[in-house]
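Input: a single structure, listed below in structure tokens.
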Amino acid sequence: MTARPSDEQVMLASTRAELHGVVSAARARGGRVALVPTMGALHEGHASLMRTARSALGADDLLVTSVFVNPLQFAPGEDLDRYPRTLDADLAVCAVEGVDVVFAPAVDEVYPGGDPHVTVDPGPLATLLEGAVRPGHFRGVLTVVAKLFGLVQPDLAVFGQKDYQQFTLVRRMVADLCLPIEVVGGETVREDDGLALSSRNRFLSAEERTQALALSAALRAAAEAGPSGATAVREAGLSVLVAADLQPDYFEVTSPGLGAPPDEGEGRVLVAAKVGTTRLIDNVAVTLGRS
Ligand code: PAF
């Protein structure tokens, strides 16, 4: 276990044994444990998740952030190799946000025997949207989240709602498998011009960044069309994407649980598109019909 010289409060655990030691010590003093799982390249969106977790905890409690780029959720040809790894900067963010332990294991520490034989079947919701474009992605996500839950044994885990389908599936896994963990969703954090923060934004050229603004603009247009119903919502959003010369992988209106949208009531609009070589996702809540 290494303490950062610049901030004695953040510990870096890279093995299961180190993590177990610090979690057990917190449990022994009666503390609760919260987990913010990440793949690193931390930004203000992650920092806000850490603040959400910290604010739910007391002085004897333990806030763990994991930093692990999980190979199991990347298909061959996706951006596993170019995914940014910025551990020193990540530790600095965690120090500012009052994280107690950063769990940053090597791949072998998480998957000592290579790919696991037993994985989490994410079920039918994982065949839609992101899952339709990235088959196997959510099997990888839920498997590593289940492993992190097993290793950290948190009382509380905070996930960003920018990855809305992931958030929905994690909640579903926790409910369906009776895991004793409270899953909290953090709001999407945006730049002033609407771009949702993402670790992948750093790959956008200035021109691509301007084009990428069409995703959040499309979602705003879609949400404004809410009173006219789901079809109008979809048309309003798609016309913004077409005008920006973007062809989305999907632009869909759903119920909050990712089923068919209701005629009236709460819904969700979700979009994914490649801008240059960088794939971005975003979503917003929408109120449909007259309710
Ligand atoms: O959202 C992410 O960063 C990842 O999918 C997660 C939840 C940390 C699992 O690898």
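Identifiers in this document derive from the order of the structure tokens: chains are assigned A, B, ..., residues are numbered from 1 separately in each chain, and ligands are numbered from 1 in order of occurrence.
Those residues that approach Pro116 in chain A to within 12 Å, counting only C-alpha atoms, are A:Pro71, A:Leu72, A:Val107, A:Asp108, A:Val110, A:Tyr111, A:Pro112, A:Gly113, A:Thr119, A:Val120, A:Arg139, A:Gly140, A:Thr143, A:Val144, A:Lys147; same-chain residues fewer than 3 positions away are not listed.
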May I have the selected residues written with N, CA and C atoms, as a compact mmCIF listing (two decimals), in the first residue's frame?
```txt
# COMPACT_ATOMS: atom_id res chain seq x y z
N PRO A 71 -10.49 -4.88 -19.63
CA PRO A 71 -10.42 -5.40 -21.00
C PRO A 71 -11.67 -6.16 -21.42
N LEU A 72 -12.35 -6.76 -20.42
CA LEU A 72 -13.49 -7.63 -20.75
C LEU A 72 -14.66 -6.86 -21.38
N VAL A 107 -4.28 -5.93 -14.60
CA VAL A 107 -5.27 -6.85 -15.19
C VAL A 107 -5.17 -8.23 -14.54
N ASP A 108 -3.95 -8.70 -14.28
CA ASP A 108 -3.77 -10.03 -13.68
C ASP A 108 -4.34 -10.14 -12.27
N VAL A 110 -7.07 -8.67 -11.29
CA VAL A 110 -8.53 -8.80 -11.41
C VAL A 110 -8.90 -10.12 -12.08
N TYR A 111 -8.12 -10.49 -13.11
CA TYR A 111 -8.40 -11.73 -13.85
C TYR A 111 -7.17 -12.64 -13.80
N PRO A 112 -6.89 -13.22 -12.61
CA PRO A 112 -5.64 -13.97 -12.46
C PRO A 112 -5.53 -15.17 -13.40
N GLY A 113 -6.63 -15.77 -13.77
CA GLY A 113 -6.56 -16.94 -14.66
C GLY A 113 -6.89 -16.58 -16.09
N THR A 119 -19.31 -15.58 -16.01
CA THR A 119 -19.53 -14.14 -16.19
C THR A 119 -20.99 -13.83 -15.92
N VAL A 120 -21.30 -12.53 -15.83
CA VAL A 120 -22.68 -12.11 -15.56
C VAL A 120 -23.42 -11.96 -16.89
N ARG A 139 -21.85 -7.61 -20.70
CA ARG A 139 -21.37 -8.81 -19.98
C ARG A 139 -20.05 -8.46 -19.28
N GLY A 140 -19.18 -7.76 -20.02
CA GLY A 140 -17.90 -7.35 -19.44
C GLY A 140 -18.06 -6.34 -18.33
N THR A 143 -19.73 -8.02 -15.24
CA THR A 143 -18.80 -8.98 -14.60
C THR A 143 -17.78 -8.25 -13.76
N VAL A 144 -17.19 -7.16 -14.30
CA VAL A 144 -16.18 -6.46 -13.49
C VAL A 144 -16.84 -5.72 -12.33
N LYS A 147 -17.36 -8.21 -9.68
CA LYS A 147 -16.07 -8.52 -9.02
C LYS A 147 -15.68 -7.39 -8.06
```
*Would you mind listing what lies within 10 Å of Ala47 in chain A as a ChimeraX atom specification, with only C-alpha atoms counted and same-chain residues fewer than 2 positions away left out?*
/A:36,42-45,49-53,90,93-94,96-99,189
Excluding same-chain residues fewer than 6 positions from His20 in chain A, what lies within 12 Å of it counting only C-alpha atoms, as a compact mmCIF listing (two decimals) with N, CA, C and O atoms, in the first residue's frame?
```txt
# COMPACT_ATOMS: atom_id res chain seq x y z
N MET A 1 0.85 -1.20 0.00
CA MET A 1 0.00 0.00 0.00
C MET A 1 0.88 1.25 0.00
O MET A 1 1.78 1.35 0.81
N ALA A 13 -4.01 1.29 -3.42
CA ALA A 13 -3.97 -0.17 -3.25
C ALA A 13 -3.97 -0.79 -4.64
O ALA A 13 -4.85 -0.51 -5.44
N SER A 14 -2.96 -1.62 -4.89
CA SER A 14 -2.95 -2.25 -6.21
C SER A 14 -3.20 -3.75 -6.14
O SER A 14 -3.33 -4.40 -7.18
N ALA A 26 -11.76 -0.53 8.20
CA ALA A 26 -12.92 0.36 8.28
C ALA A 26 -14.12 -0.36 8.89
O ALA A 26 -14.84 0.18 9.74
N ARG A 27 -14.31 -1.61 8.46
CA ARG A 27 -15.43 -2.41 9.00
C ARG A 27 -15.24 -2.62 10.51
O ARG A 27 -16.21 -2.55 11.28
N ALA A 28 -13.99 -2.88 10.90
CA ALA A 28 -13.71 -3.17 12.32
C ALA A 28 -14.03 -1.97 13.21
O ALA A 28 -14.41 -2.14 14.37
N VAL A 33 -18.85 1.55 3.83
CA VAL A 33 -17.93 1.62 2.69
C VAL A 33 -18.70 2.04 1.45
O VAL A 33 -19.78 1.50 1.17
N VAL A 64 -13.91 4.40 -1.43
CA VAL A 64 -12.98 3.73 -2.34
C VAL A 64 -13.33 4.13 -3.77
O VAL A 64 -14.51 4.11 -4.15
N VAL A 101 -9.18 5.58 -0.44
CA VAL A 101 -8.36 4.55 -1.09
C VAL A 101 -8.66 4.52 -2.59
O VAL A 101 -9.83 4.49 -2.98
N PHE A 103 -8.23 2.02 -5.56
CA PHE A 103 -7.89 0.63 -5.91
C PHE A 103 -7.59 0.60 -7.40
O PHE A 103 -8.49 0.79 -8.23
N LEU A 148 -15.84 -6.14 -8.52
CA LEU A 148 -15.51 -5.01 -7.65
C LEU A 148 -16.40 -5.00 -6.42
O LEU A 148 -15.95 -4.71 -5.30
N GLY A 150 -17.65 -7.62 -5.05
CA GLY A 150 -17.15 -8.71 -4.21
C GLY A 150 -15.88 -8.32 -3.47
O GLY A 150 -15.69 -8.67 -2.30
N LEU A 151 -15.00 -7.59 -4.14
CA LEU A 151 -13.72 -7.22 -3.52
C LEU A 151 -13.88 -6.10 -2.49
O LEU A 151 -13.25 -6.11 -1.44
N VAL A 152 -14.71 -5.10 -2.82
CA VAL A 152 -14.84 -3.92 -1.94
C VAL A 152 -15.97 -4.11 -0.92
O VAL A 152 -15.94 -3.55 0.16
N GLN A 153 -16.96 -4.91 -1.29
CA GLN A 153 -18.16 -5.13 -0.46
C GLN A 153 -18.74 -3.80 0.03
O GLN A 153 -18.89 -3.57 1.24
N PRO A 154 -19.07 -2.91 -0.91
CA PRO A 154 -19.57 -1.59 -0.50
C PRO A 154 -21.01 -1.65 -0.01
O PRO A 154 -21.78 -2.52 -0.42
```
Each chain A residue no farther than 7 Å from ligand 1, nearest pair in Å, only C-alpha atoms and all ligand atoms, as a Markdown table:
```
| residue | atom | partner | partner_atom_place_in_ligand_line | distance |
| --- | --- | --- | --- | --- |
| A:Pro37 | CA | ligand 1 | 8 (C) | 4.4 |
| A:Thr38 | CA | ligand 1 | 8 (C) | 3.7 |
| A:Met39 | CA | ligand 1 | 3 (O) | 4.5 |
| A:Phe68 | CA | ligand 1 | 10 (O) | 6.6 |
| A:Val69 | CA | ligand 1 | 10 (O) | 6.2 |
| A:Asn70 | CA | ligand 1 | 10 (O) | 5.1 |
| A:Val141 | CA | ligand 1 | 9 (C) | 4.9 |
| A:Val144 | CA | ligand 1 | 10 (O) | 6.0 |
| A:Val145 | CA | ligand 1 | 9 (C) | 5.8 |
| A:Phe159 | CA | ligand 1 | 7 (C) | 7.0 |
| A:Asp163 | CA | ligand 1 | 1 (O) | 6.5 |
```
*asked:* Calculated over only C-alpha atoms, which of the candidates A:Ile281, A:Ala217, A:Val102, A:Ala212 has the smallest distance to Glu18 in chain A?
replied: A:Val102
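Proximity ranking of A:Lys162, A:Lys274, A:Arg279, A:His117 relative to Tyr83 in chain A places A:Arg279 first, based on only C-alpha atoms.
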*Mind the document's chain letters and residue numbers, and return as an MDAnalysis selection string the residues of range 125-263 of chain A that DSSP labels helix (DSSP H, G or I).*
chainID A and resid 125:127 129:133 137:152 164:176 199:203 206:224 226:228 230:243
*Looking at only C-alpha atoms, which of A:Leu62, A:Cys178, A:Ala244, A:Ala225 is the one that sits closest to Thr210 in chain A?*
A:Ala244
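Nearest-residue note for Thr188 in chain A: choosing from A:Ala106, A:Ala285, A:Leu87, A:Ala272, the minimum distance belongs to A:Ala285, counting only C-alpha atoms.
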*Distance in Å - CA of Val184 in chain A versus CA of Arg32 in chain A*: 15.2 Å
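When the distance limit is 12 Å and only C-alpha atoms are what count, the residues near Ala243 in chain A, minus those fewer than 5 positions from it on the same chain, are Gln211, Leu213, Ala214, Leu215, Ala217, Ala218, Ala236, Gly237 and Leu238 of chain A.
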Now that the selection is made, can you save its residues with N, CA, C and O atoms as a compact mmCIF listing (two decimals), in the first residue's frame?
```txt
# COMPACT_ATOMS: atom_id res chain seq x y z
N GLN A 211 -18.50 19.81 -33.78
CA GLN A 211 -19.51 18.89 -34.34
C GLN A 211 -20.17 18.07 -33.21
O GLN A 211 -21.38 17.81 -33.25
N LEU A 213 -20.99 18.95 -30.37
CA LEU A 213 -22.03 19.70 -29.65
C LEU A 213 -23.42 19.34 -30.15
O LEU A 213 -24.42 19.59 -29.46
N ALA A 214 -23.49 18.78 -31.37
CA ALA A 214 -24.80 18.40 -31.92
C ALA A 214 -25.48 17.33 -31.07
O ALA A 214 -26.71 17.24 -31.06
N LEU A 215 -24.70 16.51 -30.36
CA LEU A 215 -25.34 15.46 -29.54
C LEU A 215 -26.20 16.09 -28.44
O LEU A 215 -27.38 15.76 -28.28
N ALA A 217 -27.14 19.20 -28.29
CA ALA A 217 -28.16 20.08 -28.90
C ALA A 217 -29.36 19.23 -29.35
O ALA A 217 -30.52 19.64 -29.19
N ALA A 218 -29.08 18.06 -29.90
CA ALA A 218 -30.17 17.17 -30.34
C ALA A 218 -31.01 16.73 -29.14
O ALA A 218 -32.25 16.67 -29.21
N ALA A 236 -37.30 15.59 -33.79
CA ALA A 236 -36.64 16.85 -33.43
C ALA A 236 -35.14 16.63 -33.21
O ALA A 236 -34.29 17.40 -33.68
N GLY A 237 -34.81 15.55 -32.50
CA GLY A 237 -33.40 15.28 -32.23
C GLY A 237 -32.64 14.88 -33.48
O GLY A 237 -31.53 15.37 -33.74
N LEU A 238 -33.26 14.00 -34.27
CA LEU A 238 -32.57 13.51 -35.47
C LEU A 238 -32.27 14.65 -36.44
O LEU A 238 -31.22 14.66 -37.09
```
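Those residues in range 115-203 of chain A carrying a DSSP assignment of strand (DSSP E or B), computed from the backbone, are A:Leu156, A:Ala157, A:Val158, A:Phe159, A:Gly160, A:Glu182, A:Val183, A:Val184, A:Gly185, A:Gly186, A:Arg190, A:Ala196.
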I need the residues from that last selection saved to file as a PDB file, in the first residue's frame (with all heavy atoms), if you can.
```pdb
ATOM      1  N   LEU A 156     -22.653   1.153  -0.530  1.00  0.00           N
ATOM      2  CA  LEU A 156     -23.180   2.152  -1.464  1.00  0.00           C
ATOM      3  C   LEU A 156     -22.241   2.224  -2.664  1.00  0.00           C
ATOM      4  O   LEU A 156     -21.018   2.192  -2.490  1.00  0.00           O
ATOM      5  CB  LEU A 156     -23.168   3.497  -0.717  1.00  0.00           C
ATOM      6  CG  LEU A 156     -23.464   4.762  -1.490  1.00  0.00           C
ATOM      7  CD1 LEU A 156     -24.968   4.948  -1.530  1.00  0.00           C
ATOM      8  CD2 LEU A 156     -22.834   5.961  -0.770  1.00  0.00           C
ATOM      9  N   ALA A 157     -22.806   2.323  -3.872  1.00  0.00           N
ATOM     10  CA  ALA A 157     -21.956   2.504  -5.059  1.00  0.00           C
ATOM     11  C   ALA A 157     -22.578   3.595  -5.917  1.00  0.00           C
ATOM     12  O   ALA A 157     -23.800   3.646  -6.077  1.00  0.00           O
ATOM     13  CB  ALA A 157     -21.836   1.204  -5.836  1.00  0.00           C
ATOM     14  N   VAL A 158     -21.736   4.481  -6.446  1.00  0.00           N
ATOM     15  CA  VAL A 158     -22.228   5.618  -7.224  1.00  0.00           C
ATOM     16  C   VAL A 158     -21.763   5.476  -8.672  1.00  0.00           C
ATOM     17  O   VAL A 158     -20.565   5.311  -8.937  1.00  0.00           O
ATOM     18  CB  VAL A 158     -21.737   6.963  -6.638  1.00  0.00           C
ATOM     19  CG1 VAL A 158     -22.376   8.124  -7.391  1.00  0.00           C
ATOM     20  CG2 VAL A 158     -22.067   7.057  -5.152  1.00  0.00           C
ATOM     21  N   PHE A 159     -22.720   5.549  -9.600  1.00  0.00           N
ATOM     22  CA  PHE A 159     -22.449   5.433 -11.041  1.00  0.00           C
ATOM     23  C   PHE A 159     -23.001   6.673 -11.744  1.00  0.00           C
ATOM     24  O   PHE A 159     -24.061   7.181 -11.379  1.00  0.00           O
ATOM     25  CB  PHE A 159     -23.145   4.198 -11.630  1.00  0.00           C
ATOM     26  CG  PHE A 159     -22.552   2.897 -11.175  1.00  0.00           C
ATOM     27  CD1 PHE A 159     -22.873   2.363  -9.940  1.00  0.00           C
ATOM     28  CD2 PHE A 159     -21.650   2.208 -11.986  1.00  0.00           C
ATOM     29  CE1 PHE A 159     -22.309   1.166  -9.508  1.00  0.00           C
ATOM     30  CE2 PHE A 159     -21.088   1.013 -11.566  1.00  0.00           C
ATOM     31  CZ  PHE A 159     -21.419   0.486 -10.326  1.00  0.00           C
ATOM     32  N   GLY A 160     -22.310   7.117 -12.787  1.00  0.00           N
ATOM     33  CA  GLY A 160     -22.768   8.275 -13.551  1.00  0.00           C
ATOM     34  C   GLY A 160     -23.921   7.898 -14.474  1.00  0.00           C
ATOM     35  O   GLY A 160     -23.916   6.834 -15.098  1.00  0.00           O
ATOM     36  N   GLU A 182     -26.664  -0.297  -2.119  1.00  0.00           N
ATOM     37  CA  GLU A 182     -27.487   0.815  -2.613  1.00  0.00           C
ATOM     38  C   GLU A 182     -26.763   1.431  -3.819  1.00  0.00           C
ATOM     39  O   GLU A 182     -25.609   1.834  -3.697  1.00  0.00           O
ATOM     40  CB  GLU A 182     -27.658   1.858  -1.507  1.00  0.00           C
ATOM     41  CG  GLU A 182     -28.549   3.018  -1.909  1.00  0.00           C
ATOM     42  CD  GLU A 182     -28.515   4.152  -0.881  1.00  0.00           C
ATOM     43  OE1 GLU A 182     -27.910   3.968   0.199  1.00  0.00           O
ATOM     44  OE2 GLU A 182     -29.077   5.213  -1.177  1.00  0.00           O
ATOM     45  N   VAL A 183     -27.446   1.478  -4.968  1.00  0.00           N
ATOM     46  CA  VAL A 183     -26.836   2.053  -6.177  1.00  0.00           C
ATOM     47  C   VAL A 183     -27.419   3.444  -6.393  1.00  0.00           C
ATOM     48  O   VAL A 183     -28.629   3.609  -6.501  1.00  0.00           O
ATOM     49  CB  VAL A 183     -27.093   1.153  -7.409  1.00  0.00           C
ATOM     50  CG1 VAL A 183     -26.528   1.810  -8.674  1.00  0.00           C
ATOM     51  CG2 VAL A 183     -26.466  -0.215  -7.205  1.00  0.00           C
ATOM     52  N   VAL A 184     -26.532   4.427  -6.431  1.00  0.00           N
ATOM     53  CA  VAL A 184     -26.949   5.829  -6.581  1.00  0.00           C
ATOM     54  C   VAL A 184     -26.476   6.327  -7.943  1.00  0.00           C
ATOM     55  O   VAL A 184     -25.355   6.025  -8.365  1.00  0.00           O
ATOM     56  CB  VAL A 184     -26.320   6.678  -5.451  1.00  0.00           C
ATOM     57  CG1 VAL A 184     -26.607   8.164  -5.640  1.00  0.00           C
ATOM     58  CG2 VAL A 184     -26.817   6.198  -4.092  1.00  0.00           C
ATOM     59  N   GLY A 185     -27.335   7.102  -8.613  1.00  0.00           N
ATOM     60  CA  GLY A 185     -26.966   7.655  -9.926  1.00  0.00           C
ATOM     61  C   GLY A 185     -26.558   9.111  -9.809  1.00  0.00           C
ATOM     62  O   GLY A 185     -27.268   9.909  -9.194  1.00  0.00           O
ATOM     63  N   GLY A 186     -25.422   9.464 -10.398  1.00  0.00           N
ATOM     64  CA  GLY A 186     -24.962  10.856 -10.406  1.00  0.00           C
ATOM     65  C   GLY A 186     -25.368  11.532 -11.710  1.00  0.00           C
ATOM     66  O   GLY A 186     -25.351  10.905 -12.775  1.00  0.00           O
ATOM     67  N   ARG A 190     -21.772  18.708 -17.554  1.00  0.00           N
ATOM     68  CA  ARG A 190     -21.576  19.238 -18.922  1.00  0.00           C
ATOM     69  C   ARG A 190     -20.671  20.457 -18.916  1.00  0.00           C
ATOM     70  O   ARG A 190     -20.609  21.197 -17.927  1.00  0.00           O
ATOM     71  CB  ARG A 190     -22.935  19.636 -19.530  1.00  0.00           C
ATOM     72  CG  ARG A 190     -23.881  18.480 -19.659  1.00  0.00           C
ATOM     73  CD  ARG A 190     -25.240  18.866 -20.252  1.00  0.00           C
ATOM     74  NE  ARG A 190     -26.064  17.667 -20.280  1.00  0.00           N
ATOM     75  CZ  ARG A 190     -25.971  16.712 -21.204  1.00  0.00           C
ATOM     76  NH1 ARG A 190     -25.117  16.873 -22.197  1.00  0.00           N
ATOM     77  NH2 ARG A 190     -26.716  15.633 -21.145  1.00  0.00           N
ATOM     78  N   ALA A 196     -21.289  16.839 -22.893  1.00  0.00           N
ATOM     79  CA  ALA A 196     -21.186  16.006 -21.687  1.00  0.00           C
ATOM     80  C   ALA A 196     -19.730  15.624 -21.465  1.00  0.00           C
ATOM     81  O   ALA A 196     -19.030  15.231 -22.417  1.00  0.00           O
ATOM     82  CB  ALA A 196     -22.036  14.754 -21.860  1.00  0.00           C
TER      83      ALA A 196
END
```
*Mind checking which residues fall within 7 Å of range 250-260 of chain A, counting only C-alpha atoms, ignoring those fewer than 4 positions away in the same chain, and posting them as a list in words?*
Leu129, Thr168, Ala230, Arg234, Glu266, Gly267, Arg268, Val269, Leu270, Val271 and Ala272 of chain A
*asked:* Would you pick out the contacts of Gly123 in chain A at 10 Å or less, using only C-alpha atoms, so that residues sharing its chain but fewer than 2 positions from it are not included, and give the list as a list in words?
replied: Val120, Asp121, Leu125, Ala126, Thr127, Phe138, Arg139, Leu169, Arg172 and Met173 of chain A
*Using only C-alpha atoms, which of the listed residues (A:Leu128, A:Leu204, A:Val170, A:Arg54) sits closest to Leu142 in chain A?*
A:Val170
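Closest approach to Val284 in chain A among A:Val133, A:Ala206, A:Gln165, A:Asp176 is made by A:Gln165 (distances from only C-alpha atoms).
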